[in-house]
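Asker: You'll find start-v7.txt just under this line, and it carries compact mmCIF, C-alpha atoms.
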```txt
# COMPACT_ATOMS: atom_id res chain seq x y z
CA MET E 1 16.44 -69.23 5.96
CA GLU E 2 13.61 -71.69 5.21
CA PHE E 3 10.52 -70.39 3.43
CA GLU E 4 7.17 -71.21 5.01
CA TYR E 5 4.46 -71.69 2.37
CA TRP E 6 1.68 -70.81 4.80
CA TRP E 7 2.93 -67.18 4.64
CA LEU E 8 1.38 -67.02 1.16
CA LEU E 9 -2.01 -67.68 2.69
CA ALA E 10 -1.45 -65.06 5.43
CA LEU E 11 -0.79 -62.19 3.00
CA PRO E 12 -4.32 -62.10 1.51
CA LEU E 13 -5.73 -62.36 5.02
CA PHE E 14 -3.77 -59.30 6.22
CA PHE E 15 -4.83 -57.36 3.12
CA THR E 16 -8.49 -58.19 3.74
CA LEU E 17 -8.28 -57.13 7.39
CA GLY E 18 -6.65 -53.82 6.42
CA TRP E 19 -9.35 -53.13 3.82
CA ILE E 20 -12.10 -53.81 6.38
CA ALA E 21 -10.44 -51.51 8.95
CA ALA E 22 -10.18 -48.72 6.39
CA ARG E 23 -13.84 -49.07 5.49
CA VAL E 24 -14.81 -48.87 9.15
CA ASP E 25 -12.76 -45.66 9.63
CA ILE E 26 -14.35 -44.07 6.57
CA LYS E 27 -17.84 -44.93 7.77
CA GLN E 28 -17.07 -43.51 11.21
CA LEU E 29 -15.71 -40.29 9.68
CA LEU E 30 -18.77 -39.92 7.50
CA SER E 31 -21.11 -40.54 10.40
CA GLU E 32 -19.33 -37.93 12.54
CA SER E 33 -19.40 -35.34 9.78
CA THR E 34 -23.10 -35.85 9.20
CA THR E 35 -23.79 -35.03 12.86
CA LEU E 36 -22.64 -31.46 12.22
CA PRO E 37 -25.53 -29.26 11.13
CA ALA E 38 -25.44 -27.84 7.62
CA ALA E 39 -25.57 -24.34 9.08
CA TYR E 40 -22.08 -24.92 10.49
CA PHE E 41 -20.56 -25.27 7.01
CA LYS E 42 -22.60 -22.30 5.79
CA GLY E 43 -21.11 -20.26 8.62
CA LEU E 44 -17.60 -21.29 7.65
CA ASN E 45 -18.22 -20.19 4.06
CA PHE E 46 -19.50 -16.83 5.24
CA LEU E 47 -16.42 -16.42 7.46
CA ILE E 48 -14.09 -17.14 4.56
CA SER E 49 -15.82 -14.47 2.49
CA ASP E 50 -15.80 -11.98 5.44
CA GLN E 51 -19.61 -11.87 5.65
CA HIS E 52 -19.70 -11.75 9.44
CA ASP E 53 -23.38 -10.86 9.79
CA LYS E 54 -24.46 -13.91 7.80
CA ALA E 55 -21.86 -16.04 9.61
CA ILE E 56 -23.40 -15.10 12.95
CA GLU E 57 -26.85 -16.07 11.70
CA ALA E 58 -25.54 -19.40 10.42
CA PHE E 59 -23.65 -20.25 13.62
CA THR E 60 -26.63 -19.25 15.74
CA GLU E 61 -28.72 -21.70 13.74
CA ALA E 62 -26.00 -24.36 14.18
CA VAL E 63 -25.92 -23.82 17.95
CA GLU E 64 -29.68 -24.19 18.16
CA ALA E 65 -29.45 -27.44 16.19
CA ASN E 66 -26.58 -28.80 18.29
CA ALA E 67 -26.75 -27.20 21.73
CA ASP E 68 -24.20 -29.61 23.25
CA SER E 69 -21.28 -28.53 21.04
CA LEU E 70 -18.98 -26.17 22.96
CA GLU E 71 -16.91 -25.51 19.85
CA LEU E 72 -19.91 -24.03 18.09
CA HIS E 73 -20.68 -21.86 21.11
CA PHE E 74 -17.07 -20.64 21.26
CA ALA E 75 -17.03 -19.85 17.54
CA LEU E 76 -20.24 -17.86 17.88
CA GLY E 77 -18.95 -16.05 20.98
CA SER E 78 -15.75 -15.11 19.18
CA LEU E 79 -17.79 -13.68 16.32
CA PHE E 80 -19.86 -11.65 18.76
CA ARG E 81 -16.67 -10.17 20.26
CA ARG E 82 -15.24 -9.31 16.85
CA ARG E 83 -18.48 -7.57 15.92
CA GLY E 84 -18.55 -5.62 19.18
CA GLU E 85 -21.68 -7.43 20.42
CA VAL E 86 -19.99 -8.29 23.70
CA ASP E 87 -23.26 -8.43 25.65
CA ARG E 88 -24.45 -11.31 23.46
CA ALA E 89 -21.13 -13.14 23.95
CA ILE E 90 -21.39 -12.70 27.73
CA HIS E 91 -24.99 -13.99 27.77
CA LEU E 92 -23.97 -16.98 25.64
CA HIS E 93 -21.10 -18.02 27.91
CA LEU E 94 -23.01 -17.37 31.13
CA SER E 95 -25.76 -19.69 29.91
CA LEU E 96 -23.12 -22.38 29.38
CA LEU E 97 -21.79 -21.95 32.92
CA ASP E 98 -25.31 -22.48 34.28
CA ARG E 99 -25.24 -26.06 33.05
CA LYS E 100 -24.72 -28.25 36.10
CA GLU E 101 -23.62 -31.27 34.04
CA LEU E 102 -20.68 -29.38 32.52
CA PRO E 103 -17.38 -31.24 33.23
CA GLU E 104 -14.57 -29.32 34.94
CA PRO E 105 -12.26 -29.02 31.86
CA GLN E 106 -15.12 -27.63 29.78
CA LYS E 107 -16.14 -25.29 32.59
CA LEU E 108 -12.62 -23.84 32.65
CA ALA E 109 -12.75 -23.33 28.89
CA VAL E 110 -16.02 -21.42 29.21
CA MET E 111 -14.58 -19.29 32.03
CA ALA E 112 -11.61 -18.39 29.82
CA GLU E 113 -13.97 -17.28 27.05
CA LEU E 114 -16.14 -15.31 29.46
CA ALA E 115 -13.06 -13.56 30.86
CA GLN E 116 -12.18 -12.46 27.32
CA ASP E 117 -15.71 -11.12 26.95
CA TYR E 118 -15.36 -9.02 30.10
CA LEU E 119 -11.96 -7.76 28.96
CA LYS E 120 -13.36 -6.74 25.59
CA ALA E 121 -16.26 -4.97 27.33
CA GLY E 122 -13.89 -3.03 29.61
CA LEU E 123 -15.22 -4.74 32.76
CA PHE E 124 -11.70 -5.13 34.11
CA ASP E 125 -12.63 -6.08 37.68
CA ARG E 126 -14.74 -9.05 36.53
CA ALA E 127 -12.16 -10.05 33.92
CA GLU E 128 -9.35 -9.88 36.49
CA GLU E 129 -11.27 -12.08 38.93
CA LEU E 130 -11.87 -14.76 36.28
CA PHE E 131 -8.32 -14.68 34.93
CA LYS E 132 -6.93 -15.07 38.45
CA SER E 133 -9.14 -18.14 38.96
CA LEU E 134 -7.35 -19.77 36.00
CA ASP E 135 -3.95 -19.56 37.72
CA ASP E 136 -3.37 -23.30 38.23
CA THR E 137 -4.85 -24.43 34.92
CA ARG E 138 -3.70 -24.88 31.34
CA TYR E 139 -4.93 -21.33 30.69
CA LYS E 140 -2.44 -19.74 33.08
CA GLN E 141 -0.16 -18.22 30.44
CA PRO E 142 -2.86 -16.53 28.33
CA ALA E 143 -4.54 -15.45 31.58
CA LEU E 144 -1.31 -13.75 32.71
CA ARG E 145 -1.03 -11.95 29.37
CA ALA E 146 -4.59 -10.70 29.76
CA LEU E 147 -3.90 -9.59 33.34
CA LEU E 148 -0.84 -7.71 32.11
CA GLU E 149 -3.02 -5.89 29.60
CA ILE E 150 -5.50 -5.00 32.35
CA TYR E 151 -2.82 -3.66 34.71
CA THR E 152 -1.23 -1.66 31.91
CA ARG E 153 -4.52 -0.04 30.97
CA GLU E 154 -5.32 0.74 34.59
CA ARG E 155 -1.73 1.92 35.20
CA GLU E 156 -1.22 -0.44 38.13
CA TRP E 157 2.50 -0.68 37.53
CA GLU E 158 3.49 -2.67 40.65
CA ARG E 159 1.07 -5.45 39.69
CA ALA E 160 2.24 -5.21 36.09
CA VAL E 161 5.85 -5.82 37.19
CA LYS E 162 4.91 -8.90 39.26
CA THR E 163 2.75 -10.30 36.46
CA THR E 164 5.44 -9.73 33.85
CA ILE E 165 8.12 -11.46 35.93
CA GLU E 166 5.84 -14.49 36.43
CA LEU E 167 4.95 -14.55 32.74
CA GLU E 168 8.63 -14.42 31.84
CA ARG E 169 9.34 -17.32 34.18
CA ILE E 170 6.74 -19.71 32.77
CA SER E 171 7.00 -18.71 29.11
CA GLY E 172 10.75 -18.27 28.77
CA VAL E 173 10.14 -15.08 26.76
CA PRO E 174 12.08 -12.05 28.04
CA PHE E 175 10.10 -8.97 29.06
CA ARG E 176 13.03 -6.82 30.22
CA LYS E 177 12.02 -3.82 28.11
CA GLU E 178 8.47 -3.84 29.48
CA VAL E 179 9.59 -4.21 33.11
CA ALA E 180 11.98 -1.27 32.73
CA GLN E 181 9.19 0.88 31.32
CA PHE E 182 6.90 -0.06 34.21
CA TYR E 183 9.56 1.13 36.68
CA CYS E 184 9.88 4.36 34.70
CA GLU E 185 6.12 4.89 34.98
CA MET E 186 6.38 4.32 38.72
CA ALA E 187 9.15 6.93 38.82
CA VAL E 188 6.96 9.43 36.97
CA LYS E 189 4.36 9.04 39.70
CA SER E 190 6.98 9.44 42.44
CA ILE E 191 8.36 12.62 40.82
CA PHE E 192 4.84 14.01 40.62
CA ASN E 193 4.53 13.39 44.37
CA ASN E 194 7.92 15.11 44.97
CA ASP E 195 9.41 11.83 46.19
CA THR E 196 12.72 12.07 44.33
CA HIS E 197 14.42 9.46 46.52
CA THR E 198 11.93 6.78 45.53
CA ALA E 199 12.04 7.96 41.92
CA ARG E 200 15.82 7.47 41.77
CA TYR E 201 15.47 3.99 43.23
CA GLU E 202 12.81 3.08 40.66
CA LEU E 203 14.88 4.41 37.77
CA GLU E 204 17.89 2.39 38.93
CA LYS E 205 15.61 -0.66 39.04
CA ALA E 206 14.64 0.13 35.46
CA LEU E 207 18.30 0.13 34.43
CA ASP E 208 18.86 -3.11 36.35
CA SER E 209 16.02 -4.67 34.38
CA ASN E 210 17.22 -3.29 31.05
CA LYS E 211 20.64 -1.63 30.85
CA ASN E 212 19.62 -0.06 27.51
CA CYS E 213 16.61 1.74 28.96
CA VAL E 214 17.19 5.21 27.50
CA ARG E 215 14.14 6.64 29.21
CA ALA E 216 15.61 5.96 32.68
CA ASN E 217 18.77 7.95 31.92
CA ILE E 218 16.76 10.79 30.38
CA MET E 219 14.68 11.03 33.54
CA LEU E 220 17.70 10.78 35.84
CA GLY E 221 19.34 13.62 33.92
CA ASP E 222 16.14 15.67 34.10
CA MET E 223 16.09 15.31 37.88
CA GLU E 224 19.69 16.51 38.17
CA ALA E 225 19.00 19.46 35.86
CA VAL E 226 16.00 20.50 37.97
CA ASN E 227 18.22 20.40 41.07
CA GLY E 228 20.79 22.61 39.32
CA THR E 229 23.50 19.92 39.16
CA HIS E 230 23.96 20.35 35.42
CA LYS E 231 27.36 18.69 35.15
CA ILE E 232 25.93 15.47 36.60
CA ALA E 233 22.94 15.78 34.26
CA ILE E 234 25.27 16.12 31.26
CA SER E 235 27.30 13.07 32.28
CA ILE E 236 24.10 11.01 32.62
CA TRP E 237 22.72 12.11 29.25
CA LYS E 238 26.04 11.27 27.58
CA ARG E 239 25.43 7.60 28.49
CA ILE E 240 22.65 7.52 25.92
CA GLU E 241 25.19 7.46 23.10
CA LEU E 242 26.33 4.04 24.36
CA GLN E 243 22.75 2.81 24.81
CA ASP E 244 21.18 3.90 21.52
CA PRO E 245 22.54 6.97 19.68
CA GLU E 246 19.27 7.42 17.75
CA PHE E 247 17.75 8.83 20.95
CA LEU E 248 20.30 11.66 21.15
CA SER E 249 17.91 14.00 19.36
CA LEU E 250 15.50 13.69 22.32
CA ILE E 251 18.03 15.17 24.74
CA ALA E 252 19.83 17.60 22.41
CA ASP E 253 17.97 20.68 23.69
CA LYS E 254 18.41 19.50 27.29
CA LEU E 255 22.16 19.17 26.78
CA LEU E 256 22.44 22.65 25.31
CA ASN E 257 20.45 24.19 28.15
CA SER E 258 22.67 22.54 30.77
CA TYR E 259 25.86 23.58 28.97
CA ARG E 260 24.46 27.11 28.77
CA ALA E 261 23.69 27.03 32.50
CA ILE E 262 27.34 26.28 33.33
CA GLY E 263 28.64 28.79 30.78
CA GLU E 264 30.01 26.24 28.30
CA ILE E 265 27.58 26.62 25.41
CA GLU E 266 30.36 26.41 22.78
CA GLU E 267 31.50 23.04 24.12
CA GLY E 268 27.90 21.83 24.11
CA LEU E 269 27.36 22.93 20.51
CA GLN E 270 30.56 21.23 19.39
CA LEU E 271 29.41 18.02 21.08
CA LEU E 272 26.09 18.13 19.23
CA LYS E 273 27.88 18.79 15.93
CA TYR E 274 30.03 15.74 16.60
CA TYR E 275 26.91 13.67 17.25
CA GLN E 276 25.33 14.96 14.03
CA GLN E 277 28.38 14.23 11.89
CA THR E 278 28.73 10.76 13.41
CA TYR E 279 25.14 9.53 13.42
CA LYS E 280 23.44 11.68 10.72
CA LEU E 281 20.19 12.26 12.61
CA PRO E 282 17.74 14.68 10.91
CA ALA E 283 16.02 15.69 14.16
CA LEU E 284 19.41 16.40 15.74
CA LEU E 285 20.33 18.55 12.74
CA ASN E 286 17.36 20.81 13.50
CA VAL E 287 18.64 21.45 17.02
CA VAL E 288 22.22 22.02 15.81
CA TYR E 289 21.01 24.44 13.13
CA GLN E 290 18.91 26.52 15.54
CA ALA E 291 21.77 26.63 18.06
CA THR E 292 24.27 27.61 15.36
CA LEU E 293 21.95 30.36 14.15
CA ALA E 294 21.56 31.72 17.67
CA GLU E 295 25.17 31.37 18.84
CA GLU E 296 27.30 31.73 15.68
CA GLY E 297 25.10 33.81 13.36
CA PRO E 298 23.31 33.28 10.04
CA GLU E 299 26.51 32.89 7.98
CA ASN E 300 27.59 29.74 9.85
CA ALA E 301 24.00 28.49 9.98
CA ALA E 302 23.67 28.91 6.20
CA LYS E 303 26.96 27.08 5.64
CA LEU E 304 25.79 24.22 7.87
CA ALA E 305 22.49 23.95 5.99
CA ARG E 306 24.22 24.21 2.61
CA ASP E 307 26.69 21.43 3.45
CA GLU E 308 23.93 19.15 4.71
CA LEU E 309 21.79 19.92 1.67
CA ALA E 310 24.66 18.87 -0.61
CA LYS E 311 25.00 15.57 1.27
CA GLN E 312 21.29 14.79 1.62
CA PRO E 313 18.71 16.86 -0.32
CA SER E 314 15.75 17.70 1.90
CA LEU E 315 12.99 20.29 1.81
CA GLN E 316 13.40 20.83 5.52
CA THR E 317 17.11 21.59 5.16
CA LEU E 318 16.33 23.86 2.20
CA ASP E 319 13.90 25.72 4.45
CA GLN E 320 16.69 26.20 6.99
CA LEU E 321 19.06 27.50 4.30
CA LEU E 322 16.47 30.01 3.10
CA GLU E 323 15.82 31.12 6.67
CA ALA E 324 19.52 31.84 7.20
CA ARG E 325 19.87 33.53 3.80
CA ALA E 326 16.93 35.80 4.60
CA GLN E 327 18.88 37.18 7.56
CA ILE E 328 22.01 37.70 5.45
CA ASP E 329 20.72 39.10 2.15
CA ASN E 330 19.02 42.32 3.18
CA ASN E 331 18.56 43.39 -0.45
CA GLU E 332 16.94 40.15 -1.49
CA GLN E 333 15.24 39.40 1.81
CA GLN E 334 11.71 39.72 0.43
CA ASP E 335 12.32 37.21 -2.38
CA THR E 336 14.04 34.80 0.00
CA LEU E 337 11.14 34.98 2.43
CA LEU E 338 8.70 34.24 -0.38
CA MET E 339 10.72 31.17 -1.39
CA GLN E 340 10.85 30.05 2.22
CA GLN E 341 7.08 30.40 2.63
CA THR E 342 6.56 28.38 -0.55
CA VAL E 343 8.81 25.59 0.69
CA ARG E 344 7.13 25.53 4.10
CA ARG E 345 3.71 25.31 2.50
CA ALA E 346 4.94 22.39 0.38
CA ILE E 347 6.39 20.68 3.44
CA GLY E 348 3.42 21.26 5.74
CA LYS E 349 3.37 19.33 9.00
CA ARG E 350 4.63 16.09 7.51
CA ASN E 351 7.05 15.03 10.23
CA ALA E 352 5.60 12.46 12.61
CA TYR E 353 6.65 9.59 14.86
CA CYS E 354 5.25 6.41 13.31
CA CYS E 355 4.63 3.24 15.36
CA ASP E 356 6.43 0.17 14.00
CA GLN E 357 3.67 -2.12 15.29
CA CYS E 358 0.42 -0.51 14.14
CA GLY E 359 1.42 2.49 12.01
CA PHE E 360 -0.03 5.10 14.39
CA ARG E 361 1.42 8.56 13.67
CA ALA E 362 2.04 11.06 16.49
CA LYS E 363 3.29 14.62 16.48
CA ASN E 364 5.17 14.12 19.75
CA TYR E 365 7.27 11.16 20.90
CA HIS E 366 5.58 8.56 23.11
CA TRP E 367 7.31 5.77 24.99
CA GLN E 368 4.11 3.74 24.69
CA CYS E 369 2.04 3.80 21.51
CA PRO E 370 -1.36 5.38 22.31
CA ALA E 371 -3.03 3.12 19.72
CA CYS E 372 -1.65 -0.40 20.28
CA ASN E 373 -0.01 0.12 23.73
CA ALA E 374 3.33 -1.33 22.52
CA TRP E 375 6.39 -0.05 24.39
CA GLU E 376 9.23 1.74 22.56
CA SER E 377 7.56 1.02 19.21
CA LEU E 378 7.90 4.62 17.99
CA PRO E 379 11.37 5.30 16.50
CA PRO E 380 13.08 8.33 18.10
CA GLU E 381 13.52 9.90 14.67
CA PRO E 382 10.32 11.33 13.09
CA SER E 383 9.62 10.27 9.53
CA GLU E 384 8.42 12.42 6.67
CA ALA E 385 5.24 11.53 4.81
CA ALA E 386 5.53 11.64 1.04
CA ILE E 387 4.12 14.68 -0.74
```
Would it be possible to restate this file's structure as C-alpha cells?

Answerer:
Amino acid sequence: MEFEYWWLLALPLFFTLGWIAARVDIKQLLSESTTLPAAYFKGLNFLISDQHDKAIEAFTEAVEANADSLELHFALGSLFRRRGEVDRAIHLHLSLLDRKELPEPQKLAVMAELAQDYLKAGLFDRAEELFKSLDDTRYKQPALRALLEIYTREREWERAVKTTIELERISGVPFRKEVAQFYCEMAVKSIFNNDTHTARYELEKALDSNKNCVRANIMLGDMEAVNGTHKIAISIWKRIELQDPEFLSLIADKLLNSYRAIGEIEEGLQLLKYYQQTYKLPALLNVVYQATLAEEGPENAAKLARDELAKQPSLQTLDQLLEARAQIDNNEQQDTLLMQQTVRRAIGKRNAYCCDQCGFRAKNYHWQCPACNAWESLPPEPSEAAI
C-alpha cells in the first residue's frame, strides 16, 4: 500500500475542524442553559431538600419569567397536586389550553396533565372524559390505567373488565388476578339481588380468568351451603387446597359447619387436623383447637395446645393451653384463670392482616386493601405485632 504524503496535511485540518465543532456545541449549550431562569434551579434545590413550599414559590417565579415553557408549567402543576392544591393545578392547565397557538402534541400533553388533576380532585366524570379523548394517542396506556382506577373506585366492574382486557392487550402485562376479582365483585352484586344463576356464571368467568382465584371457590361453596347442598359445598371448598393452602383458614369454620350439618363432624375435624399438621397455619390451629375443645373435651384440647406449644412457642397457644387447663383443674382453676388473663392482657389484640403493598393493618380479611386498593395484597394468615 503506497503512502500519500498529503494525508499528513489532512490530519491537522481534521483536528482543527473537530475543535471548532466542539466549541460551537459548548457555546450552544451555555446559551440554552442561560435562557432558563435562575428561579428554576432554585426550585430544583428546594425539591431535593423536600422544601415543597419554597419550591412552589421558585417554580411560580420561573413560570412568570418564562411563560412559554410547558415543562415548567408541568413541574409546577405536579407540585400543586402533591401538595393537595388541585384547584391551582387545574387553573394552571386550563390557562394553557386556552392558548390558541398551542400545537396539537403539546395540547395533548396538557390534557393528560389536566386529567390527572381531575382524578386527584375526585372529579371522576371530567377525568374520564379527558382520558377517553386520549385513546388514539401516545398517552393511551397511562390513560387506560387511570380509567381502571376510576372504574374500580366507582365499582363499575363491567367497565373495569373491558378496560383491563384492553390494557393487557396493549401492554403485554397480565391482569388475570384483577379480572377475576372484578367478576367476583359482580357476583357479589348478583347474589345481593338474589340472582344466583348470574352469580354462578360470573364466578365461573372468574375461574376462567384465573384458575387460582380462591375467592370464587369460597363464594361458590357459600352458595351451595346456603341452599343446603353441603356435600357439594365441601367438595368445592376442598379445591382451595390445590389453589393455595394458606387460604384454608378462611374456610375452616365453613367446612366444620357443613360437616356438622350432614352429621359427619368427626370426619370434618380430622380433615382440619390433617390440614393443620401439613401446612402449619396458626389461624387454622385456632379453629381446630376450638372444635377439639367443643367436640372432644378439654383433655384433648390441652394435649393439642401442649404439642403445638412444644413445636412452636406462642403466647396465643399458651392462652389456649391455659383455657383448657382451667376446665380440667377444678382445684387450681382460679390460679389458671389468673394466668390466662395475664397472658391475654400481654397479647392484646395484636393479630392483624397486613397489606404487602402499603403496610395497612386490618382486623378482618379484605380481598382488596382499603388503603391502596391492591387486590389480594393481604396474606390470608394474620401476623402478630411485636410486644

Asker: Quick one: pull the distance between atom CA of E:Gln357 and atom CA of E:Leu76, Å, one decimal.

Answerer: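 Taking atom CA of E:Gln357 as the start and atom CA of E:Leu76 as the end point, the length is 28.7 Å.
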
Asker: Hey, can you check how far atom CA of E:Asp98 sits from atom CA of E:Ser78?

Answerer: 19.3 Å

Asker: Could you state the separation of atom CA of E:Ala294 and atom CA of E:Glu381 in Å, given to one decimal place?

Answerer: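 We find that atom CA of E:Ala294 and atom CA of E:Glu381 lie 23.4 Å from each other.
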
Asker: Please identify all polymer residues within 9 Å of stretch 229-233 of chain E, counting only C-alpha atoms, omitting same-chain residues fewer than 4 positions from it, and present them as a PyMOL selection string.

Answerer: chain E and resi 218+220-225+237-238+255+257-259+261-262

Asker: Residues within 12 Å of E:Cys372, please, as a CSV table (one decimal) with C-alpha atoms, in the coordinates of the input. Count all atoms listed in the file; anything in the same chain fewer than 4 positions from it doesn't count.

Answerer:
```csv
chain,number,residue,atom,x,y,z
E,149,GLU,CA,-3.0,-5.9,29.6
E,152,THR,CA,-1.2,-1.7,31.9
E,153,ARG,CA,-4.5,0.0,31.0
E,354,CYS,CA,5.2,6.4,13.3
E,355,CYS,CA,4.6,3.2,15.4
E,356,ASP,CA,6.4,0.2,14.0
E,357,GLN,CA,3.7,-2.1,15.3
E,358,CYS,CA,0.4,-0.5,14.1
E,359,GLY,CA,1.4,2.5,12.0
E,360,PHE,CA,0.0,5.1,14.4
E,361,ARG,CA,1.4,8.6,13.7
E,366,HIS,CA,5.6,8.6,23.1
E,367,TRP,CA,7.3,5.8,25.0
E,368,GLN,CA,4.1,3.7,24.7
E,376,GLU,CA,9.2,1.7,22.6
E,377,SER,CA,7.6,1.0,19.2
E,378,LEU,CA,7.9,4.6,18.0
```

Asker: Here's a test: counting all atoms listed in the file, identify every protein, DNA and RNA residue with an atom at most 12 Å from (-7.6, -15.1, 39.8) in the file's coordinate frame, and state them as a PyMOL selection string.

Answerer: chain E and resi 111-112+115+125-137+139-140+143-144+146-147+163

Asker: Taking (23.2, 12.4, 10.5) in the file's coordinates as the center, which residues reach within 12 Å of it, counting only C-alpha atoms, put as a list in words?

Answerer: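 Output: Pro245, Glu246, Leu248, Ser249, Leu272, Lys273, Tyr274, Tyr275, Gln276, Gln277, Thr278, Tyr279, Lys280, Leu281, Pro282, Ala283, Leu284, Leu285, Asn286, Val288, Asp307, Glu308, Leu309, Lys311, Gln312 and Glu381 of chain E.
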
Asker: Which polymer residues have any atom within 10 Å of an atom of E:Glu185, counting all atoms listed in the file, with same-chain residues fewer than 5 positions away left out, as a list in words?

Answerer: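 Listed by chain and then number, they are Arg155, Glu156, Trp157, Glu158, Val179, Ala180, Ser190, Ile191, Ala199, Glu202, Leu203, Ala206 and Ala216 of chain E.
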